[in-house]
Structures are given as structure tokens and as C-alpha cells.
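Taking it in order: structure first as C-alpha cells, then the write-up.
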Amino acid sequence: MRVALETRWRRWALAPAAGALPALAFPAPSLWWWAYAALVPWLLLLRSAEGGRRAAVEGWLGGTGFLLATHHWLAPNLHVFLVVVAALLGLLWAPWGWLVRRLLAGSPGPGRAVAAVVLVPSAWLVIELVRSWEYLGGPWALLGASQWQVPPALRLASLGGVWLVTVWVVAVNTVLAVLVALPRVRTAAVAAAVACALVPAAAWAWAPRPEPSGTVRVAVVQPGVVAGPDARFDAGERLTGELAGRDVDLVVWGESSVGYDLGDRGDLRERLAALSARVGAPVLVNVDARRSDRPGIFKSSVLVGPQGPIGDRYDKMRLVPFGEYVPARSLLGWATSVGRAADEDRRRGDAPVVMDTGGMRLGPLVCFESAFPDMSRGLVRDGAGLLVAQSATSSFQESWAPQQHASLAALRAAETWRPVVHATLTGVSAVHGPRGEPVGERLGTDRSASAVYEVPLASGTSPYVRFGDWTVAAALGALLTAAAVAAAGRARRGPGGGPRPNSREWLPPTRTAAARR
């Protein structure tokens with residue numbers, strides 16, 4: 001009894017450690033190749049669980065470890081509440097743990113092994129889909145996002161979004177686990193491994209590509225760490241003024257670059273208009289302030305030209321839980337006393353906006369909205385030729401967060417065939433072209449500077465923009481089909497595992513006429 005208990009506790013300690021391993025594939029370590037094997041220890045642990053319930057518990061513990069490792073930089077803001085949130089969301093992996101054991105435990109035949117290569121990634125994708133809901137924290141650390149610097153994986157993203165990349169990465173891990181643990185089905189596993197290798201190769205060779213359609217000169221202004229909204233505005237103004245004579249088409253400031261509503265502060269509005277006239281290009285700023293024409297605090301992208309603000313402003317629609325609002329504040333408001341949660345909830349915008357600069361149409365995103373594939377896809381469908389993400393990660397300056405956030409620009413660019421400018425207050429600022437390729441230098445967290453990028457534009461509609469989240473539909477279809485087949489099999493076997501009483505197997509043999517005589 002004591003040995004069994006010690007074994008159980010040892011496995012329960014190993015589960016979160018195994019679940020945490022994929023975190024190394026994301027920035028800042030960015031060991032992208034590690035993602036292909038990072039799940040194998042966890043899969044092998046689940047396969048060897050004593051029963052389905054134990055596997056579900058180890059799936060939950062591993063999911064908790066995964067979330068804590070990939071979101072550890074939130075600890076200064078959420079403190080102990082990060083553990084609570086991770087444990088609650090970690091429950092999403094409990095059914096996945098059960099499924100892994102159901103498919104891989106014992107000595108499965110080739111059919112079950114091949115089914116695992118399809119169903120284990122499909123179930124993981126459903127987990128990512130559920131936790132990507134904005135009210136559950138959003139799609140941060142999707143496993144496919146670890147491949148942001150791998151060109152063949154970015155080509156896959158243009159076909160099925162980051163979801164397709166996730167399915168492929170988990171499939172590779174599942175194949176490796178089968179090869180390690182199930183020598184009886186090694187032939188089927190090798191065939192599955194070849195198929196996994198051919199998927200990105202085929203995409204690289206035959207997937208459609210964006211058509212180049214010129215370039216645009218975009219300047220990113222990154223003031224660095226400064227104290228207070230006035231000093232931040234002054235730094236942005238100074239760096240923007242240095243762009244005069246550099247023939248830029250657009251200047252982009254980061255999130256919360258203006259701390260006052262321009263309707264209330266005519267002096268700031270005039271200074272921005274004068275800057276636009278001086279550099280010969282509109283300036284896209286981000287206002288983080290209480291609105292003068294509506295109640296509440298909004299984060300808004302505002303395009304300013306020589307005559308003042310141009311067109312509609314965009315109010316951020318998807319807010320960061322706890323950072324910009326507290327979900328169910330009457331119940332969870334205590335989070336403000338143990339961490340740096342929002343004292344007052346920001347207000348949400350009503351609709352996305354595509355802005356027209358006169359020479360291009362741009363789609364603004366604010367902060368972690370760049371993590372949502374559907375938002376950038378929607379802007380491109382509405383006609384945006386350039387995506388601009390305005391961000392500020394100064395609260396997490398020395399953590400992995402700035403690099404993780406900047407890496408998302410590569411995924412959104414590859415998915416939509418549109419370049420993405422990721423502009424921040426304090427780094428990391430980056431630009432990626434229509435295939436997800438990096439453009440120019442990155443501005444790190446130690447920089448206070450402006451930089452001009454020759455950004456390539458592209459035409460055409462990517463398969464992901466055209467067909468949307470078909471990968472998610474395929475994964476759900478595979479799981480539902482498998483569930484239906486399993487249910488039909490149970491129905492044929494009957495309540496005790498044998499044939500049903502009304503099946504032909506329960507009927508006595510028919511007597512022939514000779515026998516009756």
C-alpha cells in the first residue's frame with residue numbers, strides 16, 4: 001500500500017514537470033525543434049497510467065504545468081491567483097489524458113496506433129480552441145505558435161492557420177511516442193512518420209503563395225521605458241521628429257502612447273498634426289484614456305494627419321483578463337489586493353475598423369488582439385493590406401513576454417498574406433512580411449529608437465483567409481466520428497461486453513427439415 005502511494009505521488013509530481021517541457025520551444029528560449037518531442041515524456045506517462053481516471057488526473061496536472069510554464073511571467077501581476085487559474089484551465093487536459101491512455105495503453109494494433117496519430121492532436125486542438133476564448137485568457141502559447149520562425153510551418157499556417165501547425169506538431173510527438181513505446185506497430189508508426197514529414201514538404205512545394213505588390217515605408221517609434229504619460233508623449237514626439245526627410249508613408253506608435261483623450265487635449269492633437277506635417281505621413285497613435293464623448297476608459301487606435309484625426313478611431317474589443325478588467329469583479333475583485341489587477345475595467349469597442357491613409361488600407365490591432373487569428377483574418381477580408389499591432393509589455397520587461405508577443409506577428413502575417421507591423425512602447429518591436437519572414441531589425445527591450453522599414457506588400461487571398469478554421473472543423477469531425485464508432489461497437493457487444501440479446505448470435509440454431517423429422 002505504501003509503495004503504491006509513493007508511486008502515485010511520484011507520478012503526480014512528474015506530470016506537471018512533463019507538461020511544462022514544451023515551454024522551452026517558445027520565446028525567449030525559442031528552441032523550435034524541441035516542440036517536436038516535448039510532449040513525448042507526457043504521452044508515455046499517460047500511456048502507463050493504471051486506469052482512465054489516473055490518466056485524467058495526470059492530464060490535468062500536466063495541463064496545469066504547461067500553463068504555469070508558458071505563462072510564468074504573469075506571476076508578478078497575479079501572484080497565487082496564477083496557480084488557481086492554471087489549475088482550473090488545466091482541467092481541459094483531463095479528457096485528453098484519458099484519451100491518450102485509451103488509445104496507447106497496452107499493446108494496441110496498427111489501427112489504434114494510427115487512430116492515436118489523428119485523435120490525440122485533434123483533442124489537443126479542441127483544448128486550444130476552448131482556452132482561446134477571450135474570457136478564458138485568449139490564445140496565448142498555442143503549440144503551433146512555437147514554429148513562428150520555421151518557413152515550412154509558416155506555409156502550413158497560410159493553409160489552415162496556427163491550428164494546422166498545432167495539429168502537425170502534436171502528430172509528430174504522437175508518432176515518436178508510438179515508435180518508442182510500441183515496437184509491435186513500428187511499421188504503421190514509420191508510415192505515419194513519413195506522412196508527417198510529407199505534410200510540410202508538400203505545403204512548401206505546392207501551396208499557393210502571395211503575389212508581391214510593391215512596398216511601403218513604415219516607421220516604428222519605440223520610446224523605451226519612461227515615467228508617466230507626459231514623458232512618454234515627449235519621447236515619442238522627439239523620435240518622430242527625427243524621421244523628417246526620410247520619406248516614410250506611415251509612422252506607428254505603440255499601445256498607450258497617448259495618455260489623454262485627444263478630444264479633451266487640443267494641444268496634443270495639434271502637436272500630433274504638426275508632427276504628421278513635418279514627416280509627411282500620418283501618425284497612428286494609441287490613446288489610453290477616459291473618453292470625452294462616452295463614459296469609461298478605452299484603448300483606441302487613432303490615425304492623425306496634418307489636419308488632425310483621420311476617419312474612425314478603433315476601440316480595442318478584446319481586453320486582457322485581470323490586466324484591463326477583472327472578470328466577475330464582484331466575485332474575483334480580491335485579485336486586486338494580491339496582484340496588479342485592473343482597479344477599473346476598461347470598456348470594449350463595438351467593431352473592427354479598417355483605416356485609409358490615402359495610399360494604403362491598414363487594420364489596427366491592440367495588444368494581445370494579435371494573438372487571435374480570427375481578428376487579423378477578419379481585417380484582411382474587410383480589405384486591410386497592412387496589419388498593425390500596437391502593444392506595450394513594459395509590465396513584463398525582463399520576462400519572456402515581449403519576445404513571445406512579437407513572435408505572433410510572423411504567424412498572423414503568414415496566415416493572411418499581409419505584412420504585420422508590431423510596434424511597442426518598450427520592445428520588442430518587429431515587422432514581418434506576407435510570408436511571415438522577418439523584415440529589418442528588431443528593436444529590443446533595451447532600445448529607445450525609431451526605425452524605418454521597407455515593408456513588402458502582397459495581393460491575393462490565402463487559403464486560411466478564404467476557408468477559415470477548417471482544421472478545427474476537421475478535428476471535431478474526427479473526434480465525433482471516433483465517438484460514434486466506439487458507441488456503435490459498444491452497442492453491438494451489449495451490456496456485458498457480449499452480443500445483445502436480440503442479435504442473431506443469441507438465437508438458437510435453426511433446425512433443418514431433416515432434423516425436425
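Just remember, in the C-alpha cells the first chain shown is A, the second B, etc., residues are 1-based per chain, and ligands are 1-based in the order shown.
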Just asking: which residues within region 191-306 of chain A are strand (DSSP E) according to DSSP, as a PyMOL selection string? chain A and resi 211-222+250-253+283-290+297-305
List every residue of region 55-160 of chain A that has an atom at most 10 Å from any atom of region 419-435 of chain A, and for each one report the closest atom pair and its distance in Å to one decimal, counting only C-alpha atoms, with rows sorted by chain and then by increasing residue number, as a Markdown table.
```
| residue | atom | partner | partner_atom | distance |
| --- | --- | --- | --- | --- |
| A:Pro151 | CA | A:Arg435 | CA | 8.1 |
| A:Leu154 | CA | A:Arg435 | CA | 7.2 |
| A:Arg155 | CA | A:Arg435 | CA | 7.4 |
| A:Ala157 | CA | A:Arg435 | CA | 9.6 |
| A:Ser158 | CA | A:Arg435 | CA | 8.1 |
```
Can those selected residues be exported to a file as a compact mmCIF listing (two decimals), in the first residue's frame so that it contains all heavy atoms?
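Below you can see result_22.txt, which holds the result:
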```txt
# COMPACT_ATOMS: atom_id res chain seq x y z
N PRO A 151 10.02 28.39 -41.77
CA PRO A 151 9.29 28.69 -43.01
C PRO A 151 8.30 27.61 -43.45
O PRO A 151 7.17 27.95 -43.84
CB PRO A 151 10.42 28.90 -44.04
CG PRO A 151 11.57 29.41 -43.22
CD PRO A 151 11.47 28.66 -41.93
N LEU A 154 5.25 27.97 -41.38
CA LEU A 154 4.51 29.18 -41.74
C LEU A 154 3.70 28.96 -43.02
O LEU A 154 2.61 29.51 -43.18
CB LEU A 154 5.47 30.35 -41.91
CG LEU A 154 6.17 30.82 -40.62
CD1 LEU A 154 7.18 31.92 -40.93
CD2 LEU A 154 5.15 31.33 -39.60
N ARG A 155 4.23 28.13 -43.92
CA ARG A 155 3.46 27.80 -45.12
C ARG A 155 2.21 27.01 -44.74
O ARG A 155 1.13 27.20 -45.33
CB ARG A 155 4.34 27.01 -46.08
CG ARG A 155 3.77 26.83 -47.48
CD ARG A 155 3.75 28.16 -48.26
NE ARG A 155 5.03 28.79 -48.35
CZ ARG A 155 6.00 28.47 -49.22
NH1 ARG A 155 5.79 27.50 -50.08
NH2 ARG A 155 7.14 29.13 -49.24
N ALA A 157 0.64 27.39 -41.97
CA ALA A 157 -0.26 28.38 -41.36
C ALA A 157 -1.06 29.12 -42.43
O ALA A 157 -2.21 29.49 -42.19
CB ALA A 157 0.55 29.37 -40.51
N SER A 158 -0.47 29.33 -43.60
CA SER A 158 -1.22 30.01 -44.66
C SER A 158 -2.36 29.15 -45.18
O SER A 158 -3.32 29.67 -45.75
CB SER A 158 -0.28 30.38 -45.82
OG SER A 158 0.09 29.22 -46.56
```
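Across A:Leu284, A:Arg278, A:Leu136, A:Leu125, the tightest approach to Leu243 (chain A) is made by A:Arg278 when counting only C-alpha atoms.
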I need the helix (DSSP H, G or I) residues of region 146-270 of chain A per DSSP on the backbone, written as a PyMOL selection string. chain A and resi 146-147+151-181+183-206+229-241+266-270
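Proximity to Arg47 (chain A) was assessed for A:Trp96, A:Phe81, A:Trp33, A:Phe26 counting only C-alpha atoms; the smallest distance is recorded for A:Trp96.
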Which one of A:Ala28, A:Leu143, A:Ala231, A:Leu182 sits closest to Pro402 (chain A) if you count only C-alpha atoms? A:Ala28
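For the choices A:Gly477, A:Ala414, A:Gly245, A:Gly59, the atom-to-atom distance to Pro208 (chain A) is smallest for A:Ala414 when using only C-alpha atoms.
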Any idea what's packed within 9 Å of Val380 (chain A), counting only C-alpha atoms, ignoring anything in its chain fewer than 5 positions away? Could you give it as a VMD selection string? chain A and resid 354 362 to 363 375 385 to 387 416 to 418 461 465
